[in-house]
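Remarks on the structure that follows.
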Amino acid sequence: MSDIAIRVENLGKAYKIAHNAGGSRYKTLQEDVIGLLKRPFSRERQSTSEIFWALKDISFEVKQGEVLGIIGRNGAGKSTLLKILSRITRPTTGYAEMHGRIGSLLEVGTGFHPELTGRENIYLSGAVLGMTRRDIDRRFDEIVAFADIEKFLDTPAKRYSSGMYMRLAFAVAAHLEPEILVVDEVLAVGDAEFQKKSLGKMGEVAKSGRTVLFVSHNMGAVLSLCTSALVLDKGTTAFIGKVDNGISLYLKNMQTMQTRNYHKIVTKDRPIEVTNVALLEEDIPETNIGGYVCEIDYFINQQSIGAAIAIKITDQYGAPVLTSIDTDTDLSRFTKQRGSFRTKCRIPQNILSPGLYDVSVSVSDMKSERFEYLDRVVQFDVQLDKRIKNVLPNREGVILLPQQWDTEVILSSV
Amino acid sequence: MSFRINCGSVALMKRDSIHYNACCHAHDKDSEISSQMAQRVVEPDTSQQTRLIRIEPARGWAALDLGELWVFRDLLMILAMRDVKLRYKQTALGVIWVILQPLVAALIFALIFGRFANLPSAGVPYLLFVYAGILPWNLFAGALQRAGNSLVSDSKLISKVYFPRMTIPIASSAAVLVDFIVALAVMAGLLVIYQHPVTPNILALPFFLLLALLISVGVSLFLSALNVYYRDFMYALPFLIQVWMYASPVVYSADLIPGPLQPFYAINPMVGVIDGFRWSLLGLGAFPVVSVTISVVSGLILFFAGAAVFQRVERNFADVI
């Protein structure tokens, strides 16, 4: 009994979605007062609201030292579950019991402030993540060494390169020593080397007997780190058990439920907003194979803004395949004027090997600010086609091209 | 490696479902592996005596959890230090502002209310009299201003990590103490310049400072929590502070209030604080018993009410902010 680290029983989380106010989540006092005056006797003041269950009836147990991967599509409830288990938000129904100190890592750089120095940020971020000043004192040198930033300890973090920033942020988080560690997708950031380093550190943590909950879209990482998997689907448990079974179920589910469309109403609370992402099938006559065009609609709320729109294609294991930015071919596209626009990008699916791919869309000023990041909003699959005649489905590699093979005779026995 | 994957999954089962596999038993024969396993389990088990955290839906009003605030005292300190550092980091004149602002305000008030309107000041130079009132008032107003928006500006923290939410507005309020200490040094300078005698009354100053902090934190908790839900509170705040200032004896003497009304006037807890500050800094005659007593009571009520409201609404911060 005592070796249970986490017990979750009938956990559920409901959100009320209001259909009135213009898209903003917080209200003004005035609106509430006027609402009250209009309908003084009605208890329900929201014009229409709908209950949405982000999580429903989730029950599971995690043993001490177990590494549980939580997988599922976007919106399956993974983040909500992590938020409840890391005590950021409360559940609506059910309960969870956690035996031991919880450390949660829902993003890299929680608590970091660009104006403060590296040293100050180590203390700030460490304290926010639940370390005491003494804990941090004790691990300070280790953290600095791991992040490899000795020379820049007293430089404000805003002067750091993004790689340094990321390394330092992860270093602080990696030196937390809670009994239960909750990690969300932090490995999705940074360059390959950083990802490798952080994956290695995660593996270390996993092997040290700590209980870990790990959310990721990177199936490779889940497979190598986790001992078991919980697959969520639309807020409910689709599967719980061995990690390899979980992953294959998830991949199968993904195939049957591709999303080709993303749509959002303009809220005007950001300078630039992506309102629509769609993958359209397109026939390319000369090759006789279907292709995809990614169509991105965006809306600019300012007179003029400097922003680049990028798409990233990742394979079914979450590994990036290609990144393309609209300024790649024409730098003048960076400055964008007020208005509503549609931009198209052809996806080179005829060089990809068969499988399922995700497209993420990001809008940023390429320096400091990211206006929008739509992680894996649309998907497409590449079927085995007639490009190459004799290919079996499980060919390794993301690129599949008919290469030219030349054979010449050096010595023939005939 | 492979046994680890198999054994781990045994733990993971739905309560009402069957074990996925029973490979652990098979492996038990192998002494080497089971001792390895024991090692893995024992280590966290020792630390497991820590505590059980139960996460469940929140209902009703919760008691003030000071114990948890104590656990996070380092965070409180570090957040307060952050606020102070950020405040002074990119200012050209830094500490000069903190000296200049109350001093100039006191000079203007002394000129208008002391010289032109000729209001009484208990026999003390009007500048000293006003400054002794501005001192606690700025602490209070500064705390409100900084704490009011603190939760919203730290919304990223709130939606990404758990810690007692109260630490944010409390740290913001506490950061104003640095300004207070600078302003207090100016007060000392003024006392020297005016050659005003310092009496043993000064020993009571920490008590009034504590009372001022209690009230500041109470009101700050209330305002910062409401600001998460109703962003127009930030626009109302300067107005509220201004009205509250004229409802407190900052620029005038509380003696101007007619006697029978005095107890009601002191329901505003800042009345007792300011009276107390003047009494202890300037060594005025009689201790303001009535106003201080009433203000201590109303200050405590304000603090606990603010904390209660905060705790009542904080559980939804992450969903709303």
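Letters A, B, ... go to the chains of the structure tokens in the order shown; residues in each chain start at 1; ligands are counted from 1 in the same order.
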Using only C-alpha atoms, determine which residues lie at most 9 Å from Thr343 (chain A), disregarding the query and same-chain residues fewer than 2 positions distant; provide the list as a PyMOL selection string. chain A and resi 294-298+326+341+345
Convert the current residue selection to file output with N, CA and C atoms, as a PDB file, in the first residue's frame.
```
ATOM      1  N   CYS A 294      -0.673  24.179 -47.433  1.00  0.00           N
ATOM      2  CA  CYS A 294      -1.071  24.663 -46.119  1.00  0.00           C
ATOM      3  C   CYS A 294      -1.482  26.124 -46.269  1.00  0.00           C
ATOM      4  N   GLU A 295      -2.712  26.400 -45.880  1.00  0.00           N
ATOM      5  CA  GLU A 295      -3.263  27.732 -46.048  1.00  0.00           C
ATOM      6  C   GLU A 295      -3.396  28.361 -44.668  1.00  0.00           C
ATOM      7  N   ILE A 296      -2.783  29.514 -44.484  1.00  0.00           N
ATOM      8  CA  ILE A 296      -2.831  30.170 -43.167  1.00  0.00           C
ATOM      9  C   ILE A 296      -3.484  31.532 -43.318  1.00  0.00           C
ATOM     10  N   ASP A 297      -4.567  31.735 -42.610  1.00  0.00           N
ATOM     11  CA  ASP A 297      -5.217  33.047 -42.609  1.00  0.00           C
ATOM     12  C   ASP A 297      -4.795  33.783 -41.352  1.00  0.00           C
ATOM     13  N   TYR A 298      -4.429  35.024 -41.520  1.00  0.00           N
ATOM     14  CA  TYR A 298      -4.088  35.777 -40.312  1.00  0.00           C
ATOM     15  C   TYR A 298      -4.641  37.183 -40.392  1.00  0.00           C
ATOM     16  N   ASP A 326       8.057  32.274 -43.932  1.00  0.00           N
ATOM     17  CA  ASP A 326       7.616  33.026 -45.116  1.00  0.00           C
ATOM     18  C   ASP A 326       8.646  34.039 -45.588  1.00  0.00           C
ATOM     19  N   PHE A 341      -5.265  38.492 -44.109  1.00  0.00           N
ATOM     20  CA  PHE A 341      -4.489  37.923 -45.213  1.00  0.00           C
ATOM     21  C   PHE A 341      -4.575  36.407 -45.256  1.00  0.00           C
ATOM     22  N   CYS A 345       1.425  27.785 -48.417  1.00  0.00           N
ATOM     23  CA  CYS A 345       2.733  27.159 -48.504  1.00  0.00           C
ATOM     24  C   CYS A 345       2.539  25.723 -48.966  1.00  0.00           C
TER      25      CYS A 345
END
```
Find the spatial neighbours of Thr237 (chain A), counting only C-alpha atoms, within a cut-off of 9 Å - ignore same-chain residues fewer than 3 positions away - and output them as a PyMOL selection string. chain A and resi 56-59+230-234+240
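Counting only C-alpha atoms, the residue from A:Asp375, A:Asp3, A:Asp406, A:Asp135 that sits nearest to chain B is A:Asp3.
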Please, which residues in chain A fall within 7 Å of chain B when counting only C-alpha atoms, and what is the closest atom pair and distance in Å to one decimal for each, ordered by chain then residue number, as a tab-separated table?
```
residue	atom	partner	partner_atom	distance
A:Arg25	CA	B:Val320	CA	6.4
A:Tyr26	CA	B:Tyr229	CA	5.5
A:Lys27	CA	B:Tyr230	CA	5.5
A:Thr28	CA	B:Tyr230	CA	4.8
A:Leu29	CA	B:Tyr230	CA	5.5
A:Ser59	CA	B:Lys14	CA	6.3
A:Phe60	CA	B:Lys14	CA	5.1
A:Glu61	CA	B:Leu12	CA	5.6
A:Val62	CA	B:Leu12	CA	5.6
A:Lys63	CA	B:Ala11	CA	5.5
A:Gln64	CA	B:Val41	CA	6.7
A:Gly65	CA	B:Val41	CA	6.7
A:Glu66	CA	B:Gly8	CA	5.8
A:Ser86	CA	B:Tyr162	CA	6.5
A:Arg87	CA	B:Tyr162	CA	5.6
A:Ile88	CA	B:Tyr162	CA	5.1
A:Thr89	CA	B:Ala318	CA	5.9
A:Arg90	CA	B:Pro57	CA	5.7
A:Pro91	CA	B:Pro57	CA	5.1
A:Thr92	CA	B:Pro57	CA	5.2
A:Thr93	CA	B:Pro57	CA	6.1
A:Gly94	CA	B:Glu56	CA	6.4
A:Tyr95	CA	B:Glu56	CA	4.5
A:Ala96	CA	B:Ile55	CA	5.0
A:Glu97	CA	B:Arg54	CA	4.5
A:Met98	CA	B:Ile53	CA	5.0
A:His99	CA	B:Leu52	CA	4.7
A:Gly100	CA	B:Arg51	CA	5.6
A:Ser104	CA	B:Val161	CA	6.6
A:Leu106	CA	B:Lys160	CA	5.9
A:Thr110	CA	B:Leu157	CA	6.4
A:Gly111	CA	B:Leu157	CA	6.1
A:Leu124	CA	B:Ile78	CA	6.1
A:Ala127	CA	B:Leu75	CA	5.0
A:Val128	CA	B:Leu75	CA	6.3
A:Leu129	CA	B:Val161	CA	6.8
A:Thr132	CA	B:Asp74	CA	5.8
A:Arg133	CA	B:Asp74	CA	6.1
A:Glu179	CA	B:Pro44	CA	6.9
A:Gly209	CA	B:Arg40	CA	5.2
A:Arg210	CA	B:Pro44	CA	6.7
A:Thr227	CA	B:Ile5	CA	4.6
A:Ser228	CA	B:Ser9	CA	5.2
A:Ile240	CA	B:Met13	CA	7.0
A:Gly241	CA	B:Ser9	CA	5.8
A:Lys242	CA	B:Ser9	CA	5.5
```
Could you save the residues just selected, with C-alpha atoms, as a tab-separated table (two decimals), in the first residue's frame?
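Contents of selection07.tsv, freshly written:
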```
chain	number	residue	atom	x	y	z
A	25	ARG	CA	-12.28	35.61	-20.19
A	26	TYR	CA	-12.24	38.26	-17.54
A	27	LYS	CA	-15.10	40.64	-17.18
A	28	THR	CA	-15.51	44.17	-16.06
A	29	LEU	CA	-17.36	45.01	-12.94
A	59	SER	CA	-8.67	6.99	-12.18
A	60	PHE	CA	-5.24	5.48	-11.92
A	61	GLU	CA	-2.45	4.68	-9.54
A	62	VAL	CA	1.25	5.25	-9.91
A	63	LYS	CA	3.80	3.37	-7.84
A	64	GLN	CA	6.90	4.86	-6.32
A	65	GLY	CA	9.63	5.01	-8.91
A	66	GLU	CA	7.33	4.48	-11.83
A	86	SER	CA	0.69	19.98	-9.85
A	87	ARG	CA	-1.94	21.91	-7.87
A	88	ILE	CA	-2.23	24.82	-10.25
A	89	THR	CA	-5.94	24.36	-10.65
A	90	ARG	CA	-8.49	22.43	-8.67
A	91	PRO	CA	-10.52	19.51	-9.96
A	92	THR	CA	-14.31	19.72	-10.21
A	93	THR	CA	-14.89	16.15	-9.11
A	94	GLY	CA	-12.91	13.32	-7.58
A	95	TYR	CA	-9.58	13.57	-5.86
A	96	ALA	CA	-5.89	12.84	-6.19
A	97	GLU	CA	-3.53	11.82	-3.43
A	98	MET	CA	0.14	12.54	-3.82
A	99	HIS	CA	2.62	10.97	-1.43
A	100	GLY	CA	5.55	13.32	-1.27
A	104	SER	CA	6.27	20.47	-11.64
A	106	LEU	CA	5.26	22.77	-17.14
A	110	THR	CA	9.18	29.51	-15.07
A	111	GLY	CA	9.79	32.61	-13.00
A	124	LEU	CA	14.08	33.25	-8.29
A	127	ALA	CA	12.22	29.38	-5.24
A	128	VAL	CA	9.23	29.49	-7.54
A	129	LEU	CA	9.69	25.82	-8.30
A	132	THR	CA	14.40	26.83	-0.37
A	133	ARG	CA	17.31	29.22	-0.39
A	179	GLU	CA	9.71	12.81	-4.84
A	209	GLY	CA	13.71	5.95	-8.32
A	210	ARG	CA	11.73	9.13	-8.46
A	227	THR	CA	7.62	2.34	-17.97
A	228	SER	CA	3.92	2.71	-18.57
A	240	ILE	CA	-3.59	2.50	-19.32
A	241	GLY	CA	-0.83	-0.06	-19.16
A	242	LYS	CA	2.41	-0.97	-20.85
```
With only C-alpha atoms as the counted atoms, please give the residues lying no more than 10 Å from region 272-282 of chain A, apart from itself and same-chain residues fewer than 6 positions off, as an NGL selection string. :A and (259-266 or 289-302 or 304-307 or 309 or 336 or 338-347 or 359-364 or 371-374 or 377-380)
Would you save the residues of that selection, restricted to C-alpha atoms, as a compact mmCIF listing (two decimals), in the first residue's frame?
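Result saved to selection_7.txt:
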```
# COMPACT_ATOMS: atom_id res chain seq x y z
CA THR A 259 -7.51 17.25 -38.36
CA ARG A 260 -7.30 19.23 -41.50
CA ASN A 261 -8.67 22.47 -40.17
CA TYR A 262 -8.10 24.91 -37.40
CA HIS A 263 -10.36 27.85 -36.93
CA LYS A 264 -10.52 30.67 -34.42
CA ILE A 265 -12.49 33.86 -34.08
CA VAL A 266 -10.51 37.10 -34.04
CA ILE A 289 0.18 12.46 -57.14
CA GLY A 290 -1.88 14.45 -54.69
CA GLY A 291 -0.09 17.15 -52.72
CA TYR A 292 -1.00 19.39 -49.84
CA VAL A 293 -1.09 23.12 -49.54
CA CYS A 294 -1.07 24.66 -46.12
CA GLU A 295 -3.26 27.73 -46.05
CA ILE A 296 -2.83 30.17 -43.17
CA ASP A 297 -5.22 33.05 -42.61
CA TYR A 298 -4.09 35.78 -40.31
CA PHE A 299 -5.32 39.06 -39.07
CA ILE A 300 -3.18 42.03 -38.12
CA ASN A 301 -4.58 44.40 -35.55
CA GLN A 302 -1.87 47.02 -35.82
CA SER A 304 2.24 47.67 -39.16
CA ILE A 305 4.12 44.86 -37.51
CA GLY A 306 7.31 42.91 -37.99
CA ALA A 307 6.46 39.25 -37.91
CA ILE A 309 5.12 33.12 -40.16
CA LYS A 336 3.12 43.24 -42.46
CA ARG A 338 -2.99 45.96 -41.00
CA GLY A 339 -5.63 43.73 -42.50
CA SER A 340 -6.66 40.19 -43.08
CA PHE A 341 -4.49 37.92 -45.21
CA ARG A 342 -4.18 34.43 -46.55
CA THR A 343 -0.82 32.89 -47.18
CA LYS A 344 -0.12 29.53 -48.75
CA CYS A 345 2.73 27.16 -48.50
CA ARG A 346 3.11 23.99 -50.50
CA ILE A 347 4.11 20.95 -48.52
CA VAL A 359 2.11 20.84 -39.05
CA SER A 360 2.74 23.49 -36.39
CA VAL A 361 2.37 27.17 -37.11
CA SER A 362 4.28 29.88 -35.33
CA VAL A 363 4.18 33.64 -35.67
CA SER A 364 7.02 35.58 -34.12
CA PHE A 371 2.82 36.05 -30.98
CA GLU A 372 1.27 32.75 -31.71
CA TYR A 373 2.26 29.13 -31.53
CA LEU A 374 -0.14 26.53 -32.74
CA VAL A 377 -2.71 22.10 -35.47
CA VAL A 378 -3.17 20.13 -38.63
CA GLN A 379 -2.12 16.75 -39.83
CA PHE A 380 -1.67 14.94 -43.07
```
Need the shell around region 169-179 of chain B: protein/DNA/RNA residues with any atom at most 6 Å away, counting only C-alpha atoms. Skip same-chain ones fewer than 4 positions apart. Format as an NGL selection string? :B and (76 or 79-80 or 84 or 143 or 146-147 or 150)
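The protein and nucleic acid residues lying at most 12 Å from Ala247 (chain B) are Trp137, Leu240, Ile241, Ser253, Ala254, Ile257, Phe264, Tyr265, Ala266, Ile267, Asn268, Pro269, Met270, Val271 and Ile274 of chain B, with only C-alpha atoms considered and sequence neighbours fewer than 6 positions away removed.
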Assign secondary structure with DSSP using the backbone only, and return the residues of region 158-335 of chain A in strand (DSSP E) as a tab-separated table (two decimals) with N, CA and C atoms, in the first residue's frame.
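The resulting file, part-v9.tsv, is shown below:
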```
chain	number	residue	atom	x	y	z
A	180	ILE	N	8.03	13.47	-6.44
A	180	ILE	CA	7.19	13.28	-7.62
A	180	ILE	C	7.48	14.42	-8.58
A	181	LEU	N	7.84	14.07	-9.78
A	181	LEU	CA	8.17	15.10	-10.75
A	181	LEU	C	7.13	15.07	-11.88
A	182	VAL	N	6.59	16.22	-12.19
A	182	VAL	CA	5.58	16.33	-13.24
A	182	VAL	C	6.17	17.16	-14.38
A	183	VAL	N	6.29	16.57	-15.54
A	183	VAL	CA	6.99	17.26	-16.64
A	183	VAL	C	6.10	17.33	-17.88
A	184	ASP	N	6.02	18.50	-18.45
A	184	ASP	CA	5.21	18.67	-19.65
A	184	ASP	C	6.07	19.15	-20.81
A	211	THR	N	9.35	9.20	-8.83
A	211	THR	CA	8.13	8.99	-9.59
A	211	THR	C	7.99	10.14	-10.58
A	212	VAL	N	7.77	9.80	-11.82
A	212	VAL	CA	7.71	10.86	-12.83
A	212	VAL	C	6.44	10.72	-13.67
A	213	LEU	N	5.78	11.85	-13.88
A	213	LEU	CA	4.69	11.90	-14.86
A	213	LEU	C	5.21	12.73	-16.02
A	214	PHE	N	5.11	12.20	-17.20
A	214	PHE	CA	5.77	12.83	-18.33
A	214	PHE	C	4.80	12.95	-19.50
A	215	VAL	N	4.53	14.18	-19.90
A	215	VAL	CA	3.66	14.39	-21.04
A	215	VAL	C	4.51	14.75	-22.24
A	228	SER	N	5.31	2.98	-18.23
A	228	SER	CA	3.92	2.71	-18.57
A	228	SER	C	3.31	3.96	-19.18
A	229	ALA	N	2.14	3.80	-19.74
A	229	ALA	CA	1.54	4.93	-20.43
A	229	ALA	C	0.06	5.05	-20.11
A	230	LEU	N	-0.39	6.29	-20.09
A	230	LEU	CA	-1.80	6.58	-19.94
A	230	LEU	C	-2.20	7.34	-21.21
A	231	VAL	N	-3.14	6.77	-21.94
A	231	VAL	CA	-3.57	7.45	-23.16
A	231	VAL	C	-4.90	8.13	-22.89
A	232	LEU	N	-4.92	9.42	-23.12
A	232	LEU	CA	-6.15	10.18	-22.91
A	232	LEU	C	-6.80	10.47	-24.24
A	233	ASP	N	-8.11	10.43	-24.25
A	233	ASP	CA	-8.84	10.77	-25.46
A	233	ASP	C	-10.08	11.54	-25.08
A	236	THR	N	-11.09	11.43	-21.43
A	236	THR	CA	-11.29	10.17	-20.72
A	236	THR	C	-10.09	9.24	-20.95
A	237	THR	N	-10.02	8.22	-20.13
A	237	THR	CA	-8.92	7.27	-20.26
A	237	THR	C	-9.20	6.34	-21.43
A	238	ALA	N	-8.30	6.33	-22.41
A	238	ALA	CA	-8.48	5.41	-23.52
A	238	ALA	C	-7.71	4.13	-23.27
A	239	PHE	N	-6.62	4.28	-22.53
A	239	PHE	CA	-5.78	3.11	-22.28
A	239	PHE	C	-4.89	3.39	-21.11
A	240	ILE	N	-4.59	2.36	-20.35
A	240	ILE	CA	-3.59	2.50	-19.32
A	240	ILE	C	-2.87	1.17	-19.19
A	241	GLY	N	-1.56	1.20	-19.22
A	241	GLY	CA	-0.83	-0.06	-19.16
A	241	GLY	C	0.56	0.08	-19.72
A	242	LYS	N	1.03	-0.95	-20.37
A	242	LYS	CA	2.41	-0.97	-20.85
A	242	LYS	C	2.64	0.12	-21.89
A	261	ASN	N	-8.22	21.10	-40.28
A	261	ASN	CA	-8.67	22.47	-40.17
A	261	ASN	C	-8.53	23.01	-38.78
A	262	TYR	N	-8.13	24.25	-38.70
A	262	TYR	CA	-8.10	24.91	-37.40
A	262	TYR	C	-8.77	26.25	-37.63
A	263	HIS	N	-9.67	26.59	-36.73
A	263	HIS	CA	-10.36	27.85	-36.93
A	263	HIS	C	-10.54	28.57	-35.61
A	272	ILE	N	-1.10	40.24	-33.76
A	272	ILE	CA	-1.30	39.43	-34.96
A	272	ILE	C	-1.89	38.10	-34.54
A	273	GLU	N	-2.91	37.67	-35.26
A	273	GLU	CA	-3.58	36.44	-34.87
A	273	GLU	C	-3.78	35.54	-36.08
A	274	VAL	N	-3.56	34.27	-35.87
A	274	VAL	CA	-3.85	33.31	-36.92
A	274	VAL	C	-5.29	32.85	-36.72
A	275	THR	N	-6.10	33.02	-37.75
A	275	THR	CA	-7.51	32.70	-37.58
A	275	THR	C	-7.86	31.37	-38.20
A	276	ASN	N	-7.04	30.94	-39.13
A	276	ASN	CA	-7.42	29.74	-39.85
A	276	ASN	C	-6.17	29.02	-40.35
A	277	VAL	N	-6.13	27.73	-40.15
A	277	VAL	CA	-5.07	26.94	-40.77
A	277	VAL	C	-5.75	25.76	-41.43
A	278	ALA	N	-5.50	25.57	-42.68
A	278	ALA	CA	-6.16	24.47	-43.37
A	278	ALA	C	-5.17	23.78	-44.28
A	279	LEU	N	-5.34	22.48	-44.40
A	279	LEU	CA	-4.54	21.73	-45.36
A	279	LEU	C	-5.46	21.36	-46.51
A	280	LEU	N	-5.12	21.80	-47.67
A	280	LEU	CA	-5.96	21.52	-48.81
A	280	LEU	C	-5.25	20.54	-49.72
A	281	GLU	N	-6.03	19.63	-50.25
A	281	GLU	CA	-5.43	18.69	-51.18
A	281	GLU	C	-5.34	19.35	-52.54
A	282	GLU	N	-4.30	19.03	-53.21
A	282	GLU	CA	-4.08	19.71	-54.47
A	282	GLU	C	-3.54	18.68	-55.46
A	283	ASP	N	-4.03	18.77	-56.64
A	283	ASP	CA	-3.52	17.83	-57.63
A	283	ASP	C	-2.42	18.49	-58.43
A	284	ILE	N	-1.32	17.83	-58.45
A	284	ILE	CA	-0.24	18.35	-59.28
A	284	ILE	C	-0.24	17.50	-60.55
A	289	ILE	N	0.41	12.80	-58.54
A	289	ILE	CA	0.18	12.46	-57.14
A	289	ILE	C	-0.43	13.66	-56.44
A	290	GLY	N	-1.25	13.38	-55.45
A	290	GLY	CA	-1.88	14.45	-54.69
A	290	GLY	C	-0.85	15.13	-53.81
A	291	GLY	N	-0.98	16.44	-53.63
A	291	GLY	CA	-0.09	17.15	-52.72
A	291	GLY	C	-0.94	17.94	-51.75
A	292	TYR	N	-0.28	18.56	-50.80
A	292	TYR	CA	-1.00	19.39	-49.84
A	292	TYR	C	-0.51	20.82	-49.91
A	293	VAL	N	-1.46	21.72	-49.68
A	293	VAL	CA	-1.09	23.12	-49.54
A	293	VAL	C	-1.57	23.57	-48.17
A	294	CYS	N	-0.67	24.18	-47.43
A	294	CYS	CA	-1.07	24.66	-46.12
A	294	CYS	C	-1.48	26.12	-46.27
A	295	GLU	N	-2.71	26.40	-45.88
A	295	GLU	CA	-3.26	27.73	-46.05
A	295	GLU	C	-3.40	28.36	-44.67
A	296	ILE	N	-2.78	29.51	-44.48
A	296	ILE	CA	-2.83	30.17	-43.17
A	296	ILE	C	-3.48	31.53	-43.32
A	297	ASP	N	-4.57	31.73	-42.61
A	297	ASP	CA	-5.22	33.05	-42.61
A	297	ASP	C	-4.79	33.78	-41.35
A	298	TYR	N	-4.43	35.02	-41.52
A	298	TYR	CA	-4.09	35.78	-40.31
A	298	TYR	C	-4.64	37.18	-40.39
A	299	PHE	N	-4.67	37.78	-39.23
A	299	PHE	CA	-5.32	39.06	-39.07
A	299	PHE	C	-4.36	39.94	-38.30
A	300	ILE	N	-4.11	41.14	-38.81
A	300	ILE	CA	-3.18	42.03	-38.12
A	300	ILE	C	-3.94	43.21	-37.54
A	301	ASN	N	-3.81	43.38	-36.26
A	301	ASN	CA	-4.58	44.40	-35.55
A	301	ASN	C	-3.86	45.73	-35.42
A	302	GLN	N	-2.63	45.78	-35.94
A	302	GLN	CA	-1.87	47.02	-35.82
A	302	GLN	C	-1.61	47.60	-37.20
A	303	GLN	N	-1.23	48.86	-37.20
A	303	GLN	CA	-0.93	49.54	-38.46
A	303	GLN	C	0.13	48.76	-39.24
A	304	SER	N	1.14	48.37	-38.51
A	304	SER	CA	2.24	47.67	-39.16
A	304	SER	C	2.98	46.87	-38.10
A	305	ILE	N	3.46	45.71	-38.49
A	305	ILE	CA	4.12	44.86	-37.51
A	305	ILE	C	5.21	44.05	-38.19
A	306	GLY	N	6.27	43.77	-37.46
A	306	GLY	CA	7.31	42.91	-37.99
A	306	GLY	C	7.08	41.50	-37.48
A	308	ALA	N	7.19	37.11	-38.68
A	308	ALA	CA	7.43	36.05	-39.65
A	308	ALA	C	6.52	34.88	-39.32
A	309	ILE	N	5.99	34.28	-40.36
A	309	ILE	CA	5.12	33.12	-40.16
A	309	ILE	C	5.90	31.88	-40.55
A	310	ALA	N	5.91	30.92	-39.65
A	310	ALA	CA	6.68	29.72	-39.92
A	310	ALA	C	5.80	28.49	-39.80
A	311	ILE	N	6.11	27.50	-40.60
A	311	ILE	CA	5.48	26.21	-40.38
A	311	ILE	C	6.57	25.20	-40.07
A	312	LYS	N	6.20	24.26	-39.21
A	312	LYS	CA	7.14	23.20	-38.89
A	312	LYS	C	6.43	21.88	-39.11
A	313	ILE	N	7.06	21.00	-39.81
A	313	ILE	CA	6.47	19.68	-40.02
A	313	ILE	C	7.21	18.70	-39.12
A	314	THR	N	6.46	17.93	-38.36
A	314	THR	CA	7.09	16.92	-37.51
A	314	THR	C	6.52	15.56	-37.86
A	315	ASP	N	7.31	14.54	-37.66
A	315	ASP	CA	6.81	13.20	-37.96
A	315	ASP	C	6.01	12.67	-36.78
A	320	PRO	N	11.31	16.86	-35.67
A	320	PRO	CA	11.11	17.85	-36.74
A	320	PRO	C	11.66	17.35	-38.07
A	321	VAL	N	10.89	17.62	-39.13
A	321	VAL	CA	11.29	17.19	-40.45
A	321	VAL	C	11.71	18.39	-41.27
A	322	LEU	N	10.99	19.49	-41.09
A	322	LEU	CA	11.25	20.65	-41.93
A	322	LEU	C	10.67	21.88	-41.28
A	323	THR	N	11.38	22.99	-41.38
A	323	THR	CA	10.84	24.26	-40.93
A	323	THR	C	10.95	25.23	-42.09
A	324	SER	N	9.89	25.95	-42.33
A	324	SER	CA	9.93	26.92	-43.42
A	324	SER	C	9.30	28.22	-42.93
A	325	ILE	N	9.92	29.34	-43.30
A	325	ILE	CA	9.44	30.64	-42.84
A	325	ILE	C	9.10	31.48	-44.06
A	335	THR	N	7.68	42.75	-42.84
A	335	THR	CA	6.81	43.85	-42.41
A	335	THR	C	5.42	43.59	-42.96
```
Write out as a ChimeraX atom specification all residues of region 65-173 of chain A that backbone DSSP assigns to alpha helix (DSSP H). /A:78-85,118-128,133-147,162-173
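Here CA of Pro156 (chain A) is placed at a distance of 24.2 Å from CA of Asn149 (chain B).
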